[in-house]
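Participant: Got a file for you: coords_24.cif, mmCIF, N, CA and C atoms and all ligand atoms.
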data_model
loop_
_atom_site.group_PDB
_atom_site.id
_atom_site.type_symbol
_atom_site.label_atom_id
_atom_site.label_comp_id
_atom_site.auth_asym_id
_atom_site.auth_seq_id
_atom_site.Cartn_x
_atom_site.Cartn_y
_atom_site.Cartn_z
ATOM 1 N N MET A 1 13.859 12.387 11.609
ATOM 2 C CA MET A 1 14.497 13.430 10.802
ATOM 3 C C MET A 1 13.796 14.773 11.023
ATOM 4 N N ALA A 2 12.490 14.794 10.817
ATOM 5 C CA ALA A 2 11.724 16.028 10.996
ATOM 6 C C ALA A 2 11.754 16.458 12.459
ATOM 7 N N GLY A 3 11.641 15.473 13.350
ATOM 8 C CA GLY A 3 11.659 15.774 14.780
ATOM 9 C C GLY A 3 12.991 16.366 15.201
ATOM 10 N N ALA A 4 14.079 15.819 14.650
ATOM 11 C CA ALA A 4 15.417 16.313 14.986
ATOM 12 C C ALA A 4 15.579 17.747 14.511
ATOM 13 N N LEU A 5 15.068 18.041 13.304
ATOM 14 C CA LEU A 5 15.161 19.398 12.757
ATOM 15 C C LEU A 5 14.368 20.381 13.621
ATOM 16 N N LEU A 6 13.187 19.942 14.061
ATOM 17 C CA LEU A 6 12.362 20.804 14.906
ATOM 18 C C LEU A 6 13.070 21.100 16.219
ATOM 19 N N ARG A 7 13.696 20.051 16.789
ATOM 20 C CA ARG A 7 14.419 20.243 18.054
ATOM 21 C C ARG A 7 15.610 21.170 17.850
ATOM 22 N N LEU A 8 16.349 20.940 16.750
ATOM 23 C CA LEU A 8 17.522 21.762 16.455
ATOM 24 C C LEU A 8 17.105 23.218 16.246
ATOM 25 N N GLY A 9 16.024 23.418 15.481
ATOM 26 C CA GLY A 9 15.535 24.771 15.218
ATOM 27 C C GLY A 9 15.119 25.467 16.496
ATOM 28 N N GLY A 10 14.385 24.732 17.340
ATOM 29 C CA GLY A 10 13.952 25.292 18.620
ATOM 30 C C GLY A 10 15.155 25.660 19.472
ATOM 31 N N PHE A 11 16.162 24.773 19.456
ATOM 32 C CA PHE A 11 17.377 25.019 20.231
ATOM 33 C C PHE A 11 18.085 26.274 19.724
ATOM 34 N N LEU A 12 18.180 26.422 18.411
ATOM 35 C CA LEU A 12 18.866 27.573 17.822
ATOM 36 C C LEU A 12 18.136 28.878 18.147
ATOM 37 N N ILE A 13 16.792 28.839 18.107
ATOM 38 C CA ILE A 13 16.018 30.038 18.424
ATOM 39 C C ILE A 13 16.247 30.426 19.882
ATOM 40 N N VAL A 14 16.184 29.406 20.770
ATOM 41 C CA VAL A 14 16.442 29.669 22.185
ATOM 42 C C VAL A 14 17.873 30.187 22.358
ATOM 43 N N ALA A 15 18.818 29.569 21.645
ATOM 44 C CA ALA A 15 20.220 29.967 21.749
ATOM 45 C C ALA A 15 20.405 31.423 21.307
ATOM 46 N N SER A 16 19.697 31.811 20.250
ATOM 47 C CA SER A 16 19.837 33.182 19.751
ATOM 48 C C SER A 16 19.321 34.180 20.781
ATOM 49 N N VAL A 17 18.208 33.826 21.434
ATOM 50 C CA VAL A 17 17.640 34.715 22.456
ATOM 51 C C VAL A 17 18.577 34.774 23.666
ATOM 52 N N VAL A 18 19.111 33.597 24.049
ATOM 53 C CA VAL A 18 20.056 33.544 25.165
ATOM 54 C C VAL A 18 21.288 34.376 24.834
ATOM 55 N N TYR A 19 21.754 34.226 23.582
ATOM 56 C CA TYR A 19 22.926 34.992 23.153
ATOM 57 C C TYR A 19 22.633 36.491 23.248
ATOM 58 N N LEU A 20 21.450 36.885 22.782
ATOM 59 C CA LEU A 20 21.059 38.297 22.796
ATOM 60 C C LEU A 20 21.118 38.841 24.219
ATOM 61 N N ALA A 21 20.518 38.092 25.163
ATOM 62 C CA ALA A 21 20.480 38.533 26.557
ATOM 63 C C ALA A 21 21.882 38.509 27.165
ATOM 64 N N ALA A 22 22.614 37.419 26.925
ATOM 65 C CA ALA A 22 23.937 37.253 27.526
ATOM 66 C C ALA A 22 24.907 38.317 27.004
ATOM 67 N N ALA A 23 24.858 38.563 25.707
ATOM 68 C CA ALA A 23 25.762 39.549 25.111
ATOM 69 C C ALA A 23 25.458 40.937 25.647
ATOM 70 N N GLN A 24 24.163 41.205 25.826
ATOM 71 C CA GLN A 24 23.750 42.512 26.338
ATOM 72 C C GLN A 24 24.262 42.695 27.768
ATOM 73 N N VAL A 25 24.105 41.653 28.581
ATOM 74 C CA VAL A 25 24.471 41.732 29.999
ATOM 75 C C VAL A 25 25.983 41.674 30.171
ATOM 76 N N LEU A 26 26.629 40.700 29.511
ATOM 77 C CA LEU A 26 28.053 40.455 29.738
ATOM 78 C C LEU A 26 28.935 41.447 28.998
ATOM 79 N N ALA A 27 28.647 41.675 27.718
ATOM 80 C CA ALA A 27 29.532 42.504 26.906
ATOM 81 C C ALA A 27 28.987 43.918 26.729
ATOM 82 N N GLY A 28 27.673 44.050 26.981
ATOM 83 C CA GLY A 28 27.073 45.363 26.812
ATOM 84 C C GLY A 28 26.806 45.705 25.357
ATOM 85 N N THR A 29 27.138 44.785 24.488
ATOM 86 C CA THR A 29 26.893 45.015 23.066
ATOM 87 C C THR A 29 26.485 43.710 22.397
ATOM 88 N N VAL A 30 25.698 43.822 21.341
ATOM 89 C CA VAL A 30 25.203 42.626 20.658
ATOM 90 C C VAL A 30 25.610 42.670 19.188
ATOM 91 N N HIS A 31 26.155 41.558 18.732
ATOM 92 C CA HIS A 31 26.423 41.452 17.298
ATOM 93 C C HIS A 31 25.116 41.047 16.635
ATOM 94 N N ARG A 32 24.417 42.036 16.127
ATOM 95 C CA ARG A 32 23.080 41.771 15.588
ATOM 96 C C ARG A 32 23.113 40.784 14.433
ATOM 97 N N SER A 33 24.159 40.875 13.621
ATOM 98 C CA SER A 33 24.229 39.958 12.476
ATOM 99 C C SER A 33 24.348 38.513 12.951
ATOM 100 N N LEU A 34 25.125 38.307 14.038
ATOM 101 C CA LEU A 34 25.285 36.961 14.582
ATOM 102 C C LEU A 34 23.958 36.472 15.147
ATOM 103 N N PHE A 35 23.278 37.368 15.886
ATOM 104 C CA PHE A 35 21.975 37.023 16.454
ATOM 105 C C PHE A 35 21.002 36.616 15.350
ATOM 106 N N TRP A 36 20.954 37.435 14.287
ATOM 107 C CA TRP A 36 20.015 37.141 13.200
ATOM 108 C C TRP A 36 20.390 35.871 12.470
ATOM 109 N N MET A 37 21.711 35.607 12.384
ATOM 110 C CA MET A 37 22.166 34.392 11.714
ATOM 111 C C MET A 37 21.659 33.156 12.475
ATOM 112 N N ILE A 38 21.813 33.191 13.813
ATOM 113 C CA ILE A 38 21.364 32.048 14.621
ATOM 114 C C ILE A 38 19.838 31.937 14.577
ATOM 115 N N ALA A 39 19.165 33.105 14.721
ATOM 116 C CA ALA A 39 17.703 33.109 14.774
ATOM 117 C C ALA A 39 17.100 32.637 13.457
ATOM 118 N N THR A 40 17.615 33.147 12.333
ATOM 119 C CA THR A 40 17.054 32.724 11.040
ATOM 120 C C THR A 40 17.402 31.265 10.751
ATOM 121 N N GLY A 41 18.600 30.854 11.198
ATOM 122 C CA GLY A 41 18.972 29.449 11.037
ATOM 123 C C GLY A 41 17.994 28.555 11.787
ATOM 124 N N GLY A 42 17.661 28.960 13.012
ATOM 125 C CA GLY A 42 16.713 28.195 13.816
ATOM 126 C C GLY A 42 15.340 28.178 13.174
ATOM 127 N N ALA A 43 14.896 29.343 12.693
ATOM 128 C CA ALA A 43 13.579 29.436 12.058
ATOM 129 C C ALA A 43 13.543 28.571 10.801
ATOM 130 N N ALA A 44 14.643 28.568 10.044
ATOM 131 C CA ALA A 44 14.709 27.759 8.822
ATOM 132 C C ALA A 44 14.609 26.276 9.172
ATOM 133 N N CYS A 45 15.297 25.876 10.257
ATOM 134 C CA CYS A 45 15.252 24.470 10.689
ATOM 135 C C CYS A 45 13.834 24.076 11.083
ATOM 136 N N VAL A 46 13.151 24.973 11.823
ATOM 137 C CA VAL A 46 11.782 24.686 12.248
ATOM 138 C C VAL A 46 10.874 24.564 11.027
ATOM 139 N N ALA A 47 11.021 25.508 10.080
ATOM 140 C CA ALA A 47 10.191 25.497 8.874
ATOM 141 C C ALA A 47 10.427 24.218 8.084
ATOM 142 N N LEU A 48 11.683 23.831 7.947
ATOM 143 C CA LEU A 48 12.043 22.625 7.198
ATOM 144 C C LEU A 48 11.496 21.379 7.908
ATOM 145 N N GLY A 49 11.625 21.396 9.229
ATOM 146 C CA GLY A 49 11.130 20.260 10.008
ATOM 147 C C GLY A 49 9.626 20.100 9.857
ATOM 148 N N LEU A 50 8.898 21.235 9.885
ATOM 149 C CA LEU A 50 7.444 21.199 9.715
ATOM 150 C C LEU A 50 7.089 20.676 8.329
ATOM 151 N N LEU A 51 7.799 21.204 7.314
ATOM 152 C CA LEU A 51 7.562 20.769 5.931
ATOM 153 C C LEU A 51 7.786 19.270 5.795
ATOM 154 N N LEU A 52 8.888 18.796 6.386
ATOM 155 C CA LEU A 52 9.235 17.381 6.286
ATOM 156 C C LEU A 52 8.186 16.515 6.966
ATOM 157 N N SER A 53 7.697 16.966 8.130
ATOM 158 C CA SER A 53 6.717 16.157 8.845
ATOM 159 C C SER A 53 5.406 16.108 8.064
ATOM 160 N N ILE A 54 5.051 17.237 7.423
ATOM 161 C CA ILE A 54 3.833 17.266 6.599
ATOM 162 C C ILE A 54 4.021 16.378 5.372
ATOM 163 N N ALA A 55 5.188 16.517 4.730
ATOM 164 C CA ALA A 55 5.483 15.720 3.541
ATOM 165 C C ALA A 55 5.530 14.240 3.899
ATOM 166 N N GLY A 56 6.110 13.926 5.060
ATOM 167 C CA GLY A 56 6.208 12.541 5.502
ATOM 168 C C GLY A 56 4.833 11.935 5.694
ATOM 169 N N ARG A 57 3.916 12.723 6.268
ATOM 170 C CA ARG A 57 2.574 12.226 6.486
ATOM 171 C C ARG A 57 1.880 12.006 5.139
ATOM 172 N N GLY A 58 2.100 12.957 4.210
ATOM 173 C CA GLY A 58 1.510 12.833 2.881
ATOM 174 C C GLY A 58 2.033 11.605 2.161
ATOM 175 N N MET A 59 3.351 11.378 2.279
ATOM 176 C CA MET A 59 3.967 10.211 1.650
ATOM 177 C C MET A 59 3.380 8.932 2.220
ATOM 178 N N ALA A 60 3.228 8.889 3.537
ATOM 179 C CA ALA A 60 2.706 7.694 4.195
ATOM 180 C C ALA A 60 1.292 7.405 3.696
ATOM 181 N N ALA A 61 0.512 8.473 3.499
ATOM 182 C CA ALA A 61 -0.855 8.298 3.018
ATOM 183 C C ALA A 61 -0.845 7.810 1.579
ATOM 184 N N MET A 62 0.117 8.293 0.786
ATOM 185 C CA MET A 62 0.194 7.918 -0.620
ATOM 186 C C MET A 62 0.680 6.484 -0.770
ATOM 187 N N VAL A 63 1.724 6.151 -0.005
ATOM 188 C CA VAL A 63 2.279 4.804 -0.082
ATOM 189 C C VAL A 63 1.271 3.799 0.450
ATOM 190 N N GLY A 64 0.526 4.207 1.481
ATOM 191 C CA GLY A 64 -0.505 3.352 2.029
ATOM 192 C C GLY A 64 0.061 2.295 2.955
ATOM 193 N N ARG A 65 -0.788 1.360 3.305
ATOM 194 C CA ARG A 65 -0.374 0.322 4.247
ATOM 195 C C ARG A 65 0.241 -0.850 3.517
ATOM 196 N N SER A 66 0.770 -1.752 4.289
ATOM 197 C CA SER A 66 1.267 -2.982 3.684
ATOM 198 C C SER A 66 0.509 -4.143 4.305
ATOM 199 N N CYS A 67 0.387 -5.183 3.539
ATOM 200 C CA CYS A 67 -0.347 -6.368 3.972
ATOM 201 C C CYS A 67 0.319 -6.950 5.226
ATOM 202 N N PRO A 68 -0.448 -7.178 6.307
ATOM 203 C CA PRO A 68 0.157 -7.711 7.546
ATOM 204 C C PRO A 68 0.633 -9.154 7.376
ATOM 205 N N ARG A 69 0.211 -9.831 6.310
ATOM 206 C CA ARG A 69 0.601 -11.231 6.125
ATOM 207 C C ARG A 69 1.865 -11.369 5.289
ATOM 208 N N CYS A 70 1.943 -10.590 4.194
ATOM 209 C CA CYS A 70 3.088 -10.770 3.309
ATOM 210 C C CYS A 70 3.919 -9.497 3.185
ATOM 211 N N GLY A 71 3.403 -8.369 3.725
ATOM 212 C CA GLY A 71 4.182 -7.136 3.693
ATOM 213 C C GLY A 71 4.118 -6.409 2.365
ATOM 214 N N ARG A 72 3.356 -6.945 1.413
ATOM 215 C CA ARG A 72 3.211 -6.261 0.136
ATOM 216 C C ARG A 72 2.360 -5.013 0.307
ATOM 217 N N ARG A 73 2.610 -4.024 -0.521
ATOM 218 C CA ARG A 73 1.810 -2.809 -0.427
ATOM 219 C C ARG A 73 0.391 -3.092 -0.887
ATOM 220 N N VAL A 74 -0.545 -2.408 -0.236
ATOM 221 C CA VAL A 74 -1.942 -2.596 -0.617
ATOM 222 C C VAL A 74 -2.537 -1.259 -1.015
ATOM 223 N N ALA A 75 -3.632 -1.300 -1.744
ATOM 224 C CA ALA A 75 -4.302 -0.078 -2.196
ATOM 225 C C ALA A 75 -4.774 0.705 -0.983
ATOM 226 N N ARG A 76 -4.948 1.996 -1.177
ATOM 227 C CA ARG A 76 -5.350 2.851 -0.069
ATOM 228 C C ARG A 76 -6.694 2.384 0.493
ATOM 229 N N GLY A 77 -6.806 2.348 1.788
ATOM 230 C CA GLY A 77 -8.053 1.960 2.424
ATOM 231 C C GLY A 77 -8.167 0.460 2.641
ATOM 232 N N ARG A 78 -7.258 -0.313 2.005
ATOM 233 C CA ARG A 78 -7.285 -1.760 2.159
ATOM 234 C C ARG A 78 -6.358 -2.167 3.305
ATOM 235 N N VAL A 79 -6.644 -3.315 3.891
ATOM 236 C CA VAL A 79 -5.783 -3.836 4.956
ATOM 237 C C VAL A 79 -4.886 -4.932 4.396
ATOM 238 N N TYR A 80 -5.465 -5.839 3.570
ATOM 239 C CA TYR A 80 -4.710 -6.947 3.006
ATOM 240 C C TYR A 80 -4.497 -6.742 1.512
ATOM 241 N N CYS A 81 -3.525 -7.436 0.959
ATOM 242 C CA CYS A 81 -3.350 -7.432 -0.485
ATOM 243 C C CYS A 81 -4.485 -8.269 -1.091
ATOM 244 N N GLU A 82 -4.637 -8.215 -2.406
ATOM 245 C CA GLU A 82 -5.736 -8.921 -3.087
ATOM 246 C C GLU A 82 -5.799 -10.392 -2.662
ATOM 247 N N GLU A 83 -4.632 -11.017 -2.697
ATOM 248 C CA GLU A 83 -4.523 -12.436 -2.418
ATOM 249 C C GLU A 83 -4.990 -12.761 -1.003
ATOM 250 N N HIS A 84 -4.451 -12.018 -0.046
ATOM 251 C CA HIS A 84 -4.761 -12.313 1.348
ATOM 252 C C HIS A 84 -6.116 -11.778 1.770
ATOM 253 N N LEU A 85 -6.622 -10.795 1.023
ATOM 254 C CA LEU A 85 -7.978 -10.317 1.301
ATOM 255 C C LEU A 85 -8.943 -11.469 1.042
ATOM 256 N N GLN A 86 -8.756 -12.121 -0.089
ATOM 257 C CA GLN A 86 -9.606 -13.260 -0.455
ATOM 258 C C GLN A 86 -9.427 -14.389 0.551
ATOM 259 N N ALA A 87 -8.178 -14.668 0.918
ATOM 260 C CA ALA A 87 -7.889 -15.734 1.869
ATOM 261 C C ALA A 87 -8.547 -15.439 3.212
ATOM 262 N N THR A 88 -8.498 -14.181 3.627
ATOM 263 C CA THR A 88 -9.077 -13.794 4.908
ATOM 264 C C THR A 88 -10.587 -13.938 4.882
ATOM 265 N N ILE A 89 -11.190 -13.543 3.740
ATOM 266 C CA ILE A 89 -12.641 -13.675 3.600
ATOM 267 C C ILE A 89 -13.034 -15.150 3.649
ATOM 268 N N ASN A 90 -12.269 -15.982 2.958
ATOM 269 C CA ASN A 90 -12.553 -17.427 2.947
ATOM 270 C C ASN A 90 -12.451 -18.015 4.344
ATOM 271 N N GLU A 91 -11.404 -17.622 5.052
ATOM 272 C CA GLU A 91 -11.210 -18.128 6.410
ATOM 273 C C GLU A 91 -12.355 -17.715 7.311
ATOM 274 N N TYR A 92 -12.756 -16.455 7.155
ATOM 275 C CA TYR A 92 -13.845 -15.926 7.971
ATOM 276 C C TYR A 92 -15.123 -16.709 7.690
ATOM 277 N N ARG A 93 -15.340 -16.957 6.386
ATOM 278 C CA ARG A 93 -16.540 -17.679 5.974
ATOM 279 C C ARG A 93 -16.523 -19.099 6.547
ATOM 280 N N ASP A 94 -15.369 -19.758 6.468
ATOM 281 C CA ASP A 94 -15.222 -21.102 7.008
ATOM 282 C C ASP A 94 -15.509 -21.087 8.500
ATOM 283 N N HIS A 95 -14.959 -20.095 9.159
ATOM 284 C CA HIS A 95 -15.116 -19.962 10.608
ATOM 285 C C HIS A 95 -16.589 -19.835 10.956
ATOM 286 N N GLN A 96 -17.298 -18.975 10.226
ATOM 287 C CA GLN A 96 -18.730 -18.751 10.464
ATOM 288 C C GLN A 96 -19.502 -20.055 10.243
ATOM 289 N N ARG A 97 -19.143 -20.740 9.162
ATOM 290 C CA ARG A 97 -19.837 -21.959 8.791
ATOM 291 C C ARG A 97 -19.655 -23.019 9.875
ATOM 292 N N ASN A 98 -18.414 -23.144 10.347
ATOM 293 C CA ASN A 98 -18.120 -24.141 11.376
ATOM 294 C C ASN A 98 -18.878 -23.853 12.658
ATOM 295 N N ARG A 99 -18.989 -22.573 12.980
ATOM 296 C CA ARG A 99 -19.651 -22.202 14.214
ATOM 297 C C ARG A 99 -21.152 -22.437 14.092
ATOM 298 N N GLY A 100 -21.663 -22.203 12.849
ATOM 299 C CA GLY A 100 -23.074 -22.360 12.605
ATOM 300 C C GLY A 100 -23.522 -23.792 12.812
ATOM 301 N N VAL A 101 -22.678 -24.748 12.510
ATOM 302 C CA VAL A 101 -23.047 -26.172 12.618
ATOM 303 C C VAL A 101 -22.852 -26.697 14.016
HETATM 304 ZN ZN ZN B 201 -0.645 -10.339 1.443
#
Would you mind writing the file out in structure tokens?

Facilitator:
Amino acid sequence: MAGALLRLGGFLIVASVVYLAAAQVLAGTVHRSLFWMIATGGAACVALGLLLSIAGRGMAAMVGRSCPRCGRRVARGRVYCEEHLQATINEYRDHQRNRGV
């Protein structure tokens, strides 16, 4: 979504510049209001895309990860949910114990 907006905005900005040059060369006159409409539209898309990508990253950090075993959300900084964290620790401990003997 954010990437598409950034691409669209970039395209519109390029289009406005192309329009400016083409209108100047081909028609000898430029509809400045049209140019500004395309250019500001492109700039707005880029700004929105940047905002969305920043917000998306913030949301991802807030939502956090999900447990790779059950897919449940886990607290920030954790890899497994409470249940599977304990299970993983137990398994690790068993593994160590078995290897030790
Ligand atoms: Zn889990």

Participant: Please tabulate, as a Markdown table, the residues of chain A that come within 8 Å of ligand ZN 201 (chain B), each with its closest pair of atoms and the distance in Å to one decimal, counting all atoms listed in the file and ordering rows by chain, then residue number upward.

Facilitator:
| residue | atom | partner | partner_atom | distance |
| --- | --- | --- | --- | --- |
| A:Ser66 | C | B:ZN201 | ZN | 6.9 |
| A:Cys67 | CA | B:ZN201 | ZN | 4.7 |
| A:Pro68 | N | B:ZN201 | ZN | 5.8 |
| A:Arg69 | C | B:ZN201 | ZN | 4.7 |
| A:Cys70 | N | B:ZN201 | ZN | 3.8 |
| A:Gly71 | N | B:ZN201 | ZN | 5.0 |
| A:Arg72 | N | B:ZN201 | ZN | 5.2 |
| A:Arg73 | N | B:ZN201 | ZN | 7.4 |
| A:Val79 | C | B:ZN201 | ZN | 7.5 |
| A:Tyr80 | C | B:ZN201 | ZN | 5.3 |
| A:Cys81 | N | B:ZN201 | ZN | 4.1 |
| A:Glu82 | N | B:ZN201 | ZN | 5.9 |
| A:Glu83 | C | B:ZN201 | ZN | 5.5 |
| A:His84 | N | B:ZN201 | ZN | 4.4 |
| A:Leu85 | N | B:ZN201 | ZN | 6.0 |

Participant: Could you tell me how far atom CA of Val74 of chain A sits from atom CA of Ala87 of chain A, in Å to one decimal place?

Facilitator: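 These two atoms are separated by 14.6 Å.
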
Participant: Which value, in Å to one decimal, gives the distance between atom CA of Gly58 of chain A and atom N of Cys45 of chain A?

Facilitator: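 Separation of atom CA of Gly58 of chain A and atom N of Cys45 of chain A: 20.4 Å.
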
Participant: Could you give me, as a PyMOL selection string, each residue of chain A that DSSP assigns to alpha helix (DSSP H) when run on this structure's backbone?

Facilitator: chain A and resi 2-22+32-63+82-100

Participant: Starting from 8 Å padding per side, set up an axis-aligned box that covers all listed atoms of segment 81-89 of chain A and hand over centre and edge lengths in Å, one decimal, as JSON.

Facilitator:
{"center_x": -8.2, "center_y": -11.6, "center_z": 0.9, "size_x": 25.7, "size_y": 24.3, "size_z": 24.0}

Participant: Here's the selection I'm unsure about, the PyMOL selection byres (((chain A and resi 11-13) around 8) and not hetatm); applied to the file above, which residues does it give, as a compact mmCIF listing (two decimals) with N, CA and C atoms, in the coordinates of the input?

Facilitator:
# COMPACT_ATOMS: atom_id res chain seq x y z
N LEU A 5 15.07 18.04 13.30
CA LEU A 5 15.16 19.40 12.76
C LEU A 5 14.37 20.38 13.62
N LEU A 6 13.19 19.94 14.06
CA LEU A 6 12.36 20.80 14.91
C LEU A 6 13.07 21.10 16.22
N ARG A 7 13.70 20.05 16.79
CA ARG A 7 14.42 20.24 18.05
C ARG A 7 15.61 21.17 17.85
N LEU A 8 16.35 20.94 16.75
CA LEU A 8 17.52 21.76 16.45
C LEU A 8 17.10 23.22 16.25
N GLY A 9 16.02 23.42 15.48
CA GLY A 9 15.54 24.77 15.22
C GLY A 9 15.12 25.47 16.50
N GLY A 10 14.38 24.73 17.34
CA GLY A 10 13.95 25.29 18.62
C GLY A 10 15.16 25.66 19.47
N VAL A 14 16.18 29.41 20.77
CA VAL A 14 16.44 29.67 22.18
C VAL A 14 17.87 30.19 22.36
N ALA A 15 18.82 29.57 21.64
CA ALA A 15 20.22 29.97 21.75
C ALA A 15 20.40 31.42 21.31
N SER A 16 19.70 31.81 20.25
CA SER A 16 19.84 33.18 19.75
C SER A 16 19.32 34.18 20.78
N VAL A 17 18.21 33.83 21.43
CA VAL A 17 17.64 34.72 22.46
C VAL A 17 18.58 34.77 23.67
N VAL A 18 19.11 33.60 24.05
CA VAL A 18 20.06 33.54 25.16
C VAL A 18 21.29 34.38 24.83
N TYR A 19 21.75 34.23 23.58
CA TYR A 19 22.93 34.99 23.15
C TYR A 19 22.63 36.49 23.25
N MET A 37 21.71 35.61 12.38
CA MET A 37 22.17 34.39 11.71
C MET A 37 21.66 33.16 12.48
N ILE A 38 21.81 33.19 13.81
CA ILE A 38 21.36 32.05 14.62
C ILE A 38 19.84 31.94 14.58
N ALA A 39 19.16 33.10 14.72
CA ALA A 39 17.70 33.11 14.77
C ALA A 39 17.10 32.64 13.46
N THR A 40 17.61 33.15 12.33
CA THR A 40 17.05 32.72 11.04
C THR A 40 17.40 31.26 10.75
N GLY A 41 18.60 30.85 11.20
CA GLY A 41 18.97 29.45 11.04
C GLY A 41 17.99 28.56 11.79
N GLY A 42 17.66 28.96 13.01
CA GLY A 42 16.71 28.20 13.82
C GLY A 42 15.34 28.18 13.17
N ALA A 43 14.90 29.34 12.69
CA ALA A 43 13.58 29.44 12.06
C ALA A 43 13.54 28.57 10.80
